[in-house]
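Undergrad: Here it is, the structure in full.
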Protein chains: 2
Amino acid sequence: MEQKLTVDIEGLSGFIPTEEIMAYAARSSMHLDELSSGTGKGNDFLGWINLPRTIIPELGKIEACASRLRTLTEATVVIGIGGSYLGSRAIIEALSDSFAACAKGGHKVLFAGQNLCSDYMSELLSLLDNLNYSIIVISKSGTTTEPAVAFRLLKAHLEAAVGKESASRRIVAVTDRSRGALRKMADTEGYETFTIPDDVGGRYSVLTSVGLLPLAVAGIDIHELVNGAASMHSTTVHNHDPGTNPALIYAAARNLLYREGKKIEIMVNYTPKLHFVAEWWKQLYGESEGKEGKGIFPASVDNTSDLHSMGQYIQEGERHIFETVMSVMKSRKKILIPATPGNEDNLNFLAGKTVAFVNEAAERGTRKAHIEGGVPNIRIGIPELNEFSLGELMFMFEIACGISGYLLDVNPFDQPGVEAYKKAMFSLLGKPV
Amino acid sequence: MEQKLTVDIEGLSGFIPTEEIMAYAARSSMHLDELSSGTGKGNDFLGWINLPRTIIPELGKIEACASRLRTLTEATVVIGIGGSYLGSRAIIEALSDSFAACAKGGHKVLFAGQNLCSDYMSELLSLLDNLNYSIIVISKSGTTTEPAVAFRLLKAHLEAAVGKESASRRIVAVTDRSRGALRKMADTEGYETFTIPDDVGGRYSVLTSVGLLPLAVAGIDIHELVNGAASMHSTTVHNHDPGTNPALIYAAARNLLYREGKKIEIMVNYTPKLHFVAEWWKQLYGESEGKEGKGIFPASVDNTSDLHSMGQYIQEGERHIFETVMSVMKSRKKILIPATPGNEDNLNFLAGKTVAFVNEAAERGTRKAHIEGGVPNIRIGIPELNEFSLGELMFMFEIACGISGYLLDVNPFDQPGVEAYKKAMFSLLGKPV
């Protein structure tokens, strides 16, 4: 039995005829060719498409380095922001114990450089006072403010703790092949380094060492992740048949919905473990589509928690929304609901059922209720939360994002608007020109 | 020097004339009267307005119970969902060490019953196998599925660990005064109990024992929180002058923006500590306004992290958004950025400055860039992250939410749509009628 990721658009049938979606998906397949032949906008940033194959020779070195850091230290601080943060964080949270931070053993992975919060940084440094740790610093240029500030502070802290020489063996840089501040510093100090390819943008970099090195340090099976992505590569990249290409269906459906006035896409999960996959997805789509006054606004909810929060709005508020559900079909752990003699809470009808069974009913019930309430629903079926499935899922999202950008007639691989706040900030900070 | 919370609408001047907002705010003050005299929609749920005064006699009992649980055990599991979860979680995260979960000492507060994730529950139970813990179970009815399922499992787990009698001293119920499954169970088993007032809905309950008991267990100063709310009460409830009433200004401004087609409000922070305050705010506003096909869609970003994710969209995407920034004016911890001899990262111009200084420049620069990009900006000035300020902030949001609902001509105190998914779920689960 082969279990594969699926995209199910049954929940759109009351809003857009299925034939219309399929026909639009078929027409959209021309954009697949633009992606694979590099004839569309942003074609100098298409290296991510072949990563499931091109990254393979690097996996050994990544694993060797991860193994070295795990042996040498009890924790690793990953310094990065945006695409140098969200991919690894998403997969680590998806596959780790919910209470890993409380656990006694195991190699801890901590994050820094993803904000400029003074209290956060101070509390991290206090924690590190009592930990034997290493650092992975991820930055193409080495001058992005948040990670650069964090690296200054952490480098000084680590050198003070173990000495400059020992620190240089505990610091690994993921950066440009030859240029930039971090490359220069790494060469001078003798850090082990990994390269960020020139033709892969930050938000598409999870399958480079940017994502894979932190993942390997966290004990994630990066081969399986790449295998999943490779499997999705062969399902999507050259497949013009919408019936068997989930990326085509997803891209076409969401873009038709947008044209019908559904301006907000809510990414839905039923396990808090997928919270950061939605955050990664928000960067991927928000940054790829949100330009020239266009683009679906990406939002997310963690259910069933948020059914008791955003649920009211989704059920009965403005009808400018649609939902995409990441539906995990199998839990790892099985828990039976016990019977109670008194049945005070009236839940004995669930006794002997699993918690997952109830969660699944909540998901199916919500889907029905929201569709009836006027909210179109796309369902992504994920066989199980594991490395392979996440590889499939994230690669599907990437391909669909490229197609989506082309359907919107924008360059899905640039982010010109990100510079605006930096410029204003540097001016306030009096940065020398 | 008195430091108070402020709402600043300068960042709207390019979009709506300030006089128009002030005039609309003045007219909106009629809704203040409806709130305080109980003549508006949903007037059987207005008990929250006087909580800053009426809760005071209960604080001693809450603190005594919290102190007992802290002495008796090393961790407390708080079981609740929606309004019985988000308020306490928001304040705990805002005021706790970012790495409290990793800390060796201190009383841990854990959450359950806010999802139906089998893996989460299983991992929580494994963690609790090695912890000496107590339980606070919060539910008006005692039959809400998520907390009821969690309580069944945790009650059985705790009784197995310490015996039925000892468990009954470690379980505290926050529930209805006289009715419902949890009240009945608590009376039978002899749990200590606290009452959820009949006239306070879940999302407005943070200043009842629902919010305050978990907070006190976490070591939060609940007197100061209530003091902050009381201060905001006297600033807002009977104050018809928009010039000095931040709730009037906030409510009027956001509703005018909505009428101008700004359909999405993005709640922005510059410290990850405020992440769950935004989640609490989403429930408050989404559930109060999202009905009858109306309402602003509440979203949030954690900056500067999300400037490298949602930043592109906010800067250049569809212009249907506005931002409200929770601007904390003072950090607790001070960290200086060190100089480096080589200045490889070009950051020596920041040497000797604090991280907070850079964060503040990022905030001001972003505000400028986003306003220039066409995004109206409301700024809530918060003197410092402490109990008093959070009390002010949350009470201001509550008053403004009541006014907003009335401006939208909906009942801001009901949530009829939340039942729809439950009905569909129970049907799938075969619940006996």
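Convention: chains lettered A, B, ... in structure tokens order; per-chain residue numbering from 1; ligands numbered from 1 as shown.
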Please tabulate, as JSON lines, the residues of chain A that come within 6 Å of chain B, each with its closest pair of atoms and the distance in Å to one decimal, counting only C-alpha atoms and ordering rows by chain, then residue number upward.
TA:
```
{"residue": "A:Gly82", "atom": "CA", "partner": "B:His308", "partner_atom": "CA", "distance": 4.6}
{"residue": "A:Ala101", "atom": "CA", "partner": "B:Cys102", "partner_atom": "CA", "distance": 5.4}
{"residue": "A:Cys102", "atom": "CA", "partner": "B:Cys102", "partner_atom": "CA", "distance": 5.1}
{"residue": "A:Gln114", "atom": "CA", "partner": "B:Ser305", "partner_atom": "CA", "distance": 5.1}
{"residue": "A:Asn115", "atom": "CA", "partner": "B:Thr304", "partner_atom": "CA", "distance": 5.1}
{"residue": "A:Leu116", "atom": "CA", "partner": "B:Asn359", "partner_atom": "CA", "distance": 5.2}
{"residue": "A:Cys117", "atom": "CA", "partner": "B:Thr271", "partner_atom": "CA", "distance": 5.3}
{"residue": "A:Ser118", "atom": "CA", "partner": "B:Ala356", "partner_atom": "CA", "distance": 5.4}
{"residue": "A:Asp119", "atom": "CA", "partner": "B:Lys333", "partner_atom": "CA", "distance": 5.2}
{"residue": "A:Thr143", "atom": "CA", "partner": "B:Asp345", "partner_atom": "CA", "distance": 5.0}
{"residue": "A:Ala181", "atom": "CA", "partner": "B:Glu344", "partner_atom": "CA", "distance": 5.3}
{"residue": "A:Thr271", "atom": "CA", "partner": "B:Cys117", "partner_atom": "CA", "distance": 5.3}
{"residue": "A:Gln283", "atom": "CA", "partner": "B:Ser309", "partner_atom": "CA", "distance": 4.1}
{"residue": "A:Gly286", "atom": "CA", "partner": "B:Tyr313", "partner_atom": "CA", "distance": 5.4}
{"residue": "A:Glu287", "atom": "CA", "partner": "B:Gln312", "partner_atom": "CA", "distance": 5.1}
{"residue": "A:Gly290", "atom": "CA", "partner": "B:Gly317", "partner_atom": "CA", "distance": 4.0}
{"residue": "A:Lys291", "atom": "CA", "partner": "B:Gly317", "partner_atom": "CA", "distance": 4.4}
{"residue": "A:Glu292", "atom": "CA", "partner": "B:Glu316", "partner_atom": "CA", "distance": 6.0}
{"residue": "A:Gly293", "atom": "CA", "partner": "B:Glu318", "partner_atom": "CA", "distance": 4.3}
{"residue": "A:Lys294", "atom": "CA", "partner": "B:Glu318", "partner_atom": "CA", "distance": 4.7}
{"residue": "A:Gly295", "atom": "CA", "partner": "B:Gly317", "partner_atom": "CA", "distance": 5.8}
{"residue": "A:Thr304", "atom": "CA", "partner": "B:Asn115", "partner_atom": "CA", "distance": 5.1}
{"residue": "A:Ser305", "atom": "CA", "partner": "B:Gln114", "partner_atom": "CA", "distance": 5.1}
{"residue": "A:His308", "atom": "CA", "partner": "B:Gly82", "partner_atom": "CA", "distance": 4.7}
{"residue": "A:Ser309", "atom": "CA", "partner": "B:Gln283", "partner_atom": "CA", "distance": 4.1}
{"residue": "A:Met310", "atom": "CA", "partner": "B:Gly286", "partner_atom": "CA", "distance": 5.6}
{"residue": "A:Gln312", "atom": "CA", "partner": "B:Gly417", "partner_atom": "CA", "distance": 4.9}
{"residue": "A:Tyr313", "atom": "CA", "partner": "B:Gly290", "partner_atom": "CA", "distance": 4.0}
{"residue": "A:Gln315", "atom": "CA", "partner": "B:Gly417", "partner_atom": "CA", "distance": 5.6}
{"residue": "A:Glu316", "atom": "CA", "partner": "B:Lys291", "partner_atom": "CA", "distance": 4.6}
{"residue": "A:Gly317", "atom": "CA", "partner": "B:Gly290", "partner_atom": "CA", "distance": 4.0}
{"residue": "A:Glu318", "atom": "CA", "partner": "B:Gly293", "partner_atom": "CA", "distance": 4.3}
{"residue": "A:Lys333", "atom": "CA", "partner": "B:Asp119", "partner_atom": "CA", "distance": 5.2}
{"residue": "A:Glu344", "atom": "CA", "partner": "B:Ala181", "partner_atom": "CA", "distance": 5.3}
{"residue": "A:Asp345", "atom": "CA", "partner": "B:Thr143", "partner_atom": "CA", "distance": 5.1}
{"residue": "A:Val355", "atom": "CA", "partner": "B:Ser118", "partner_atom": "CA", "distance": 5.5}
{"residue": "A:Ala356", "atom": "CA", "partner": "B:Ser118", "partner_atom": "CA", "distance": 5.4}
{"residue": "A:Asn359", "atom": "CA", "partner": "B:Leu116", "partner_atom": "CA", "distance": 5.2}
{"residue": "A:Ala361", "atom": "CA", "partner": "B:Met425", "partner_atom": "CA", "distance": 5.4}
{"residue": "A:Ala362", "atom": "CA", "partner": "B:Met425", "partner_atom": "CA", "distance": 5.1}
{"residue": "A:Gly365", "atom": "CA", "partner": "B:Met425", "partner_atom": "CA", "distance": 4.3}
{"residue": "A:Thr366", "atom": "CA", "partner": "B:Tyr421", "partner_atom": "CA", "distance": 4.6}
{"residue": "A:Ala369", "atom": "CA", "partner": "B:Tyr421", "partner_atom": "CA", "distance": 5.2}
{"residue": "A:Gly417", "atom": "CA", "partner": "B:Gln312", "partner_atom": "CA", "distance": 4.9}
{"residue": "A:Val418", "atom": "CA", "partner": "B:Gln312", "partner_atom": "CA", "distance": 5.2}
{"residue": "A:Ala420", "atom": "CA", "partner": "B:Ala369", "partner_atom": "CA", "distance": 5.7}
{"residue": "A:Tyr421", "atom": "CA", "partner": "B:Thr366", "partner_atom": "CA", "distance": 4.5}
{"residue": "A:Ala424", "atom": "CA", "partner": "B:Gly365", "partner_atom": "CA", "distance": 4.5}
{"residue": "A:Met425", "atom": "CA", "partner": "B:Gly365", "partner_atom": "CA", "distance": 4.3}
```
Undergrad: Those residues with N, CA and C atoms, as a tab-separated table (two decimals), in the first residue's frame please?
TA:
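File written: result_2.tsv
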```tsv
chain	number	residue	atom	x	y	z
A	82	GLY	N	13.91	34.44	8.99
A	82	GLY	CA	13.20	34.22	7.73
A	82	GLY	C	13.45	32.82	7.21
A	101	ALA	N	11.79	20.63	25.28
A	101	ALA	CA	12.55	21.63	26.03
A	101	ALA	C	12.67	21.26	27.50
A	102	CYS	N	11.68	20.50	28.02
A	102	CYS	CA	11.69	20.09	29.44
A	102	CYS	C	12.49	18.81	29.65
A	114	GLN	N	16.40	35.54	15.38
A	114	GLN	CA	15.12	35.66	14.67
A	114	GLN	C	14.28	36.79	15.25
A	115	ASN	N	14.86	37.54	16.20
A	115	ASN	CA	14.18	38.74	16.69
A	115	ASN	C	15.24	39.67	17.27
A	116	LEU	N	14.80	40.84	17.70
A	116	LEU	CA	15.72	41.80	18.33
A	116	LEU	C	15.26	42.08	19.75
A	117	CYS	N	14.61	41.09	20.37
A	117	CYS	CA	14.07	41.28	21.71
A	117	CYS	C	15.20	41.15	22.73
A	118	SER	N	15.42	42.22	23.44
A	118	SER	CA	16.49	42.28	24.44
A	118	SER	C	16.28	41.24	25.55
A	119	ASP	N	15.04	41.09	25.99
A	119	ASP	CA	14.76	40.14	27.07
A	119	ASP	C	14.99	38.70	26.60
A	143	THR	N	25.51	40.15	7.11
A	143	THR	CA	25.26	41.51	7.63
A	143	THR	C	23.79	41.77	7.92
A	181	ALA	N	30.43	38.96	4.55
A	181	ALA	CA	31.07	39.12	5.84
A	181	ALA	C	31.24	37.79	6.57
A	271	THR	N	-3.11	19.59	14.77
A	271	THR	CA	-2.09	19.24	15.76
A	271	THR	C	-1.16	20.43	15.91
A	283	GLN	N	5.55	32.53	5.03
A	283	GLN	CA	6.66	33.23	4.36
A	283	GLN	C	6.70	32.86	2.89
A	286	GLY	N	3.37	34.42	1.28
A	286	GLY	CA	3.25	35.86	1.47
A	286	GLY	C	4.34	36.62	0.74
A	287	GLU	N	5.57	36.10	0.83
A	287	GLU	CA	6.70	36.78	0.22
A	287	GLU	C	6.74	36.57	-1.29
A	290	GLY	N	2.84	38.45	-2.40
A	290	GLY	CA	2.40	39.75	-1.91
A	290	GLY	C	3.19	40.90	-2.49
A	291	LYS	N	2.86	41.28	-3.71
A	291	LYS	CA	3.58	42.38	-4.36
A	291	LYS	C	2.69	43.00	-5.42
A	292	GLU	N	3.06	44.18	-5.87
A	292	GLU	CA	2.29	44.89	-6.91
A	292	GLU	C	0.81	45.02	-6.54
A	293	GLY	N	0.53	45.17	-5.23
A	293	GLY	CA	-0.86	45.33	-4.79
A	293	GLY	C	-1.70	44.08	-4.89
A	294	LYS	N	-1.03	42.94	-5.06
A	294	LYS	CA	-1.76	41.68	-5.24
A	294	LYS	C	-1.42	40.66	-4.17
A	295	GLY	N	-2.10	39.53	-4.22
A	295	GLY	CA	-1.74	38.39	-3.39
A	295	GLY	C	-2.76	38.02	-2.34
A	304	THR	N	-7.92	21.92	17.49
A	304	THR	CA	-9.23	22.50	17.71
A	304	THR	C	-9.15	23.74	18.59
A	305	SER	N	-7.98	24.06	19.10
A	305	SER	CA	-7.82	25.24	19.94
A	305	SER	C	-8.54	26.45	19.37
A	308	HIS	N	-12.26	27.55	19.18
A	308	HIS	CA	-12.79	28.28	20.33
A	308	HIS	C	-12.22	29.70	20.36
A	309	SER	N	-11.81	30.18	19.21
A	309	SER	CA	-11.23	31.52	19.14
A	309	SER	C	-11.59	32.14	17.78
A	310	MET	N	-10.94	31.70	16.72
A	310	MET	CA	-11.26	32.19	15.38
A	310	MET	C	-12.46	31.45	14.78
A	312	GLN	N	-15.65	31.24	15.47
A	312	GLN	CA	-16.86	32.06	15.25
A	312	GLN	C	-16.74	32.88	13.96
A	313	TYR	N	-15.60	33.54	13.81
A	313	TYR	CA	-15.39	34.36	12.61
A	313	TYR	C	-15.44	33.50	11.35
A	315	GLN	N	-16.86	30.69	10.87
A	315	GLN	CA	-18.21	30.18	10.62
A	315	GLN	C	-19.16	31.25	10.09
A	316	GLU	N	-19.08	32.46	10.61
A	316	GLU	CA	-20.15	33.44	10.33
A	316	GLU	C	-19.68	34.86	9.98
A	317	GLY	N	-18.36	35.10	9.91
A	317	GLY	CA	-17.89	36.46	9.62
A	317	GLY	C	-17.91	36.77	8.13
A	318	GLU	N	-17.13	37.75	7.72
A	318	GLU	CA	-17.07	38.11	6.29
A	318	GLU	C	-16.68	36.91	5.45
A	333	LYS	N	1.02	8.29	18.40
A	333	LYS	CA	0.69	7.69	19.69
A	333	LYS	C	-0.81	7.43	19.77
A	344	GLU	N	-20.31	11.57	34.62
A	344	GLU	CA	-20.77	12.93	34.93
A	344	GLU	C	-20.63	13.85	33.72
A	345	ASP	N	-19.59	13.65	32.92
A	345	ASP	CA	-19.35	14.55	31.79
A	345	ASP	C	-20.02	14.06	30.50
A	355	VAL	N	-8.28	9.18	21.30
A	355	VAL	CA	-8.31	10.65	21.18
A	355	VAL	C	-8.23	11.04	19.71
A	356	ALA	N	-7.44	10.31	18.94
A	356	ALA	CA	-7.30	10.61	17.51
A	356	ALA	C	-8.63	10.47	16.78
A	359	ASN	N	-10.51	13.58	17.46
A	359	ASN	CA	-9.89	14.69	16.71
A	359	ASN	C	-10.29	14.63	15.23
A	361	ALA	N	-13.00	13.30	14.02
A	361	ALA	CA	-14.41	13.69	13.90
A	361	ALA	C	-14.54	15.21	14.00
A	362	ALA	N	-13.72	15.83	14.86
A	362	ALA	CA	-13.74	17.29	14.96
A	362	ALA	C	-13.35	17.89	13.62
A	365	GLY	N	-16.18	17.18	11.06
A	365	GLY	CA	-17.36	17.99	11.42
A	365	GLY	C	-17.14	19.47	11.10
A	366	THR	N	-15.94	19.94	11.40
A	366	THR	CA	-15.63	21.36	11.15
A	366	THR	C	-15.64	21.66	9.67
A	369	ALA	N	-19.22	21.91	8.64
A	369	ALA	CA	-19.86	23.12	9.16
A	369	ALA	C	-19.34	24.37	8.45
A	417	GLY	N	10.09	44.33	-1.43
A	417	GLY	CA	9.52	45.13	-0.35
A	417	GLY	C	10.21	44.95	0.99
A	418	VAL	N	11.03	43.90	1.11
A	418	VAL	CA	11.66	43.64	2.40
A	418	VAL	C	12.73	44.69	2.73
A	420	ALA	N	12.46	47.94	2.37
A	420	ALA	CA	11.94	49.26	2.76
A	420	ALA	C	12.11	49.54	4.25
A	421	TYR	N	11.78	48.57	5.10
A	421	TYR	CA	11.90	48.83	6.54
A	421	TYR	C	13.36	48.92	6.95
A	424	ALA	N	14.67	52.41	6.22
A	424	ALA	CA	14.20	53.37	7.22
A	424	ALA	C	14.88	53.14	8.57
A	425	MET	N	15.09	51.88	8.91
A	425	MET	CA	15.74	51.55	10.19
A	425	MET	C	17.20	52.03	10.20
```
Undergrad: List every residue of segment 12-68 of chain B that DSSP, applied to the backbone, labels as helix (DSSP H, G or I), and write the result as an MDAnalysis selection string.
TA: chainID B and resid 12 18:28 30:37 43:45 47:54 56:68
Undergrad: DSSP says strand (DSSP E) for which residues of segment 193-287 of chain B? Put them as an MDAnalysis selection string?
TA: chainID B and resid 193:195 264:269
Undergrad: For Val206 of chain B, which residue among B:Glu398, B:Asp8, B:Asp129, B:Glu323 is the nearest when counting only C-alpha atoms?
TA: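 For Val206 of chain B, the nearest of the given residues is B:Glu398.
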Undergrad: Choose the residue, out of B:Cys401, B:Ile382, B:Ile196, B:Leu158, that has the smallest atom-to-atom separation from Asn130 of chain B; count only C-alpha atoms.
TA: B:Leu158
Undergrad: Write out as a list in words each polymer residue whose atoms come within 9 Å of segment 13-15 of chain A, counting only C-alpha atoms; drop sequence neighbours fewer than 2 positions from it.
TA: Ile9, Glu10, Gly11, Pro17, Thr18, Leu257, Ile371, Glu372, Gly374, Val375 and Pro376 of chain A
Undergrad: Let me see the file: selected residues, all heavy atoms, as a PDB file, in the first residue's frame.
TA:
```pdb
ATOM      1  N   ILE A   9     -10.197  18.605  -3.518  1.00  0.00           N
ATOM      2  CA  ILE A   9     -10.944  19.855  -3.709  1.00  0.00           C
ATOM      3  C   ILE A   9     -12.460  19.633  -3.678  1.00  0.00           C
ATOM      4  O   ILE A   9     -13.223  20.493  -4.129  1.00  0.00           O
ATOM      5  CB  ILE A   9     -10.540  20.566  -5.024  1.00  0.00           C
ATOM      6  CG1 ILE A   9     -10.681  19.608  -6.213  1.00  0.00           C
ATOM      7  CG2 ILE A   9      -9.119  21.101  -4.943  1.00  0.00           C
ATOM      8  CD1 ILE A   9     -10.666  20.306  -7.561  1.00  0.00           C
ATOM      9  N   GLU A  10     -12.882  18.506  -3.150  1.00  0.00           N
ATOM     10  CA  GLU A  10     -14.324  18.267  -3.013  1.00  0.00           C
ATOM     11  C   GLU A  10     -15.022  19.405  -2.277  1.00  0.00           C
ATOM     12  O   GLU A  10     -16.163  19.746  -2.571  1.00  0.00           O
ATOM     13  CB  GLU A  10     -14.544  16.985  -2.220  1.00  0.00           C
ATOM     14  CG  GLU A  10     -15.099  15.846  -3.018  1.00  0.00           C
ATOM     15  CD  GLU A  10     -15.270  14.636  -2.111  1.00  0.00           C
ATOM     16  OE1 GLU A  10     -16.218  14.635  -1.324  1.00  0.00           O
ATOM     17  OE2 GLU A  10     -14.414  13.723  -2.186  1.00  0.00           O
ATOM     18  N   GLY A  11     -14.320  19.959  -1.295  1.00  0.00           N
ATOM     19  CA  GLY A  11     -14.906  21.019  -0.472  1.00  0.00           C
ATOM     20  C   GLY A  11     -15.013  22.359  -1.179  1.00  0.00           C
ATOM     21  O   GLY A  11     -15.336  23.374  -0.558  1.00  0.00           O
ATOM     22  N   PRO A  17     -17.277  25.143  -9.868  1.00  0.00           N
ATOM     23  CA  PRO A  17     -17.445  23.806 -10.448  1.00  0.00           C
ATOM     24  C   PRO A  17     -16.091  23.092 -10.593  1.00  0.00           C
ATOM     25  O   PRO A  17     -15.101  23.701 -11.013  1.00  0.00           O
ATOM     26  CB  PRO A  17     -18.049  24.091 -11.827  1.00  0.00           C
ATOM     27  CG  PRO A  17     -18.652  25.456 -11.721  1.00  0.00           C
ATOM     28  CD  PRO A  17     -17.837  26.204 -10.724  1.00  0.00           C
ATOM     29  N   THR A  18     -16.070  21.824 -10.238  1.00  0.00           N
ATOM     30  CA  THR A  18     -14.833  21.048 -10.275  1.00  0.00           C
ATOM     31  C   THR A  18     -14.208  21.065 -11.676  1.00  0.00           C
ATOM     32  O   THR A  18     -12.984  21.171 -11.821  1.00  0.00           O
ATOM     33  CB  THR A  18     -15.114  19.589  -9.847  1.00  0.00           C
ATOM     34  OG1 THR A  18     -15.759  19.636  -8.574  1.00  0.00           O
ATOM     35  CG2 THR A  18     -13.834  18.792  -9.722  1.00  0.00           C
ATOM     36  N   LEU A 257     -10.060  30.859  -6.407  1.00  0.00           N
ATOM     37  CA  LEU A 257     -10.756  31.387  -5.221  1.00  0.00           C
ATOM     38  C   LEU A 257     -10.429  32.866  -5.022  1.00  0.00           C
ATOM     39  O   LEU A 257     -11.296  33.682  -4.707  1.00  0.00           O
ATOM     40  CB  LEU A 257     -10.362  30.579  -3.972  1.00  0.00           C
ATOM     41  CG  LEU A 257     -10.954  29.171  -3.909  1.00  0.00           C
ATOM     42  CD1 LEU A 257     -10.211  28.322  -2.874  1.00  0.00           C
ATOM     43  CD2 LEU A 257     -12.444  29.218  -3.581  1.00  0.00           C
ATOM     44  N   ILE A 371     -17.917  24.613   5.431  1.00  0.00           N
ATOM     45  CA  ILE A 371     -18.381  24.645   4.037  1.00  0.00           C
ATOM     46  C   ILE A 371     -19.831  25.125   3.997  1.00  0.00           C
ATOM     47  O   ILE A 371     -20.187  26.004   3.218  1.00  0.00           O
ATOM     48  CB  ILE A 371     -18.229  23.253   3.374  1.00  0.00           C
ATOM     49  CG1 ILE A 371     -16.742  22.932   3.164  1.00  0.00           C
ATOM     50  CG2 ILE A 371     -18.978  23.207   2.045  1.00  0.00           C
ATOM     51  CD1 ILE A 371     -16.464  21.499   2.717  1.00  0.00           C
ATOM     52  N   GLU A 372     -20.663  24.581   4.875  1.00  0.00           N
ATOM     53  CA  GLU A 372     -22.064  25.019   4.925  1.00  0.00           C
ATOM     54  C   GLU A 372     -22.169  26.497   5.288  1.00  0.00           C
ATOM     55  O   GLU A 372     -23.116  27.180   4.906  1.00  0.00           O
ATOM     56  CB  GLU A 372     -22.851  24.162   5.927  1.00  0.00           C
ATOM     57  CG  GLU A 372     -23.127  22.762   5.389  1.00  0.00           C
ATOM     58  CD  GLU A 372     -23.721  21.822   6.438  1.00  0.00           C
ATOM     59  OE1 GLU A 372     -23.997  22.279   7.572  1.00  0.00           O
ATOM     60  OE2 GLU A 372     -23.898  20.625   6.116  1.00  0.00           O
ATOM     61  N   GLY A 374     -20.206  28.709   4.208  1.00  0.00           N
ATOM     62  CA  GLY A 374     -19.748  29.550   3.095  1.00  0.00           C
ATOM     63  C   GLY A 374     -18.235  29.674   2.981  1.00  0.00           C
ATOM     64  O   GLY A 374     -17.734  30.616   2.368  1.00  0.00           O
ATOM     65  N   VAL A 375     -17.507  28.720   3.558  1.00  0.00           N
ATOM     66  CA  VAL A 375     -16.048  28.774   3.495  1.00  0.00           C
ATOM     67  C   VAL A 375     -15.520  27.616   2.640  1.00  0.00           C
ATOM     68  O   VAL A 375     -15.574  26.458   3.061  1.00  0.00           O
ATOM     69  CB  VAL A 375     -15.425  28.701   4.909  1.00  0.00           C
ATOM     70  CG1 VAL A 375     -13.913  28.810   4.827  1.00  0.00           C
ATOM     71  CG2 VAL A 375     -15.990  29.798   5.794  1.00  0.00           C
ATOM     72  N   PRO A 376     -15.021  27.912   1.445  1.00  0.00           N
ATOM     73  CA  PRO A 376     -14.454  26.868   0.595  1.00  0.00           C
ATOM     74  C   PRO A 376     -13.302  26.156   1.310  1.00  0.00           C
ATOM     75  O   PRO A 376     -12.572  26.775   2.080  1.00  0.00           O
ATOM     76  CB  PRO A 376     -13.928  27.646  -0.620  1.00  0.00           C
ATOM     77  CG  PRO A 376     -14.648  28.958  -0.595  1.00  0.00           C
ATOM     78  CD  PRO A 376     -14.929  29.249   0.837  1.00  0.00           C
TER      79      PRO A 376
END
```
Undergrad: Quick one, how far is atom CA of Ala278 of chain B from atom CA of Glu93 of chain B?
TA: 11.4 Å
Undergrad: Name all residues at most 10 Å from segment 36-42 of chain B (count only C-alpha atoms; drop same-chain ones fewer than 5 positions away) and give them as a list in words.
TA: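 After dropping sequence-adjacent residues, the list is His31, Gly47, Ile49, Asn50, Asp199, Val237, His238, Gly402, Gly405, Tyr406, Asp409, Val410, Asn411, Pro412, Phe413 and Asp414 of chain B.
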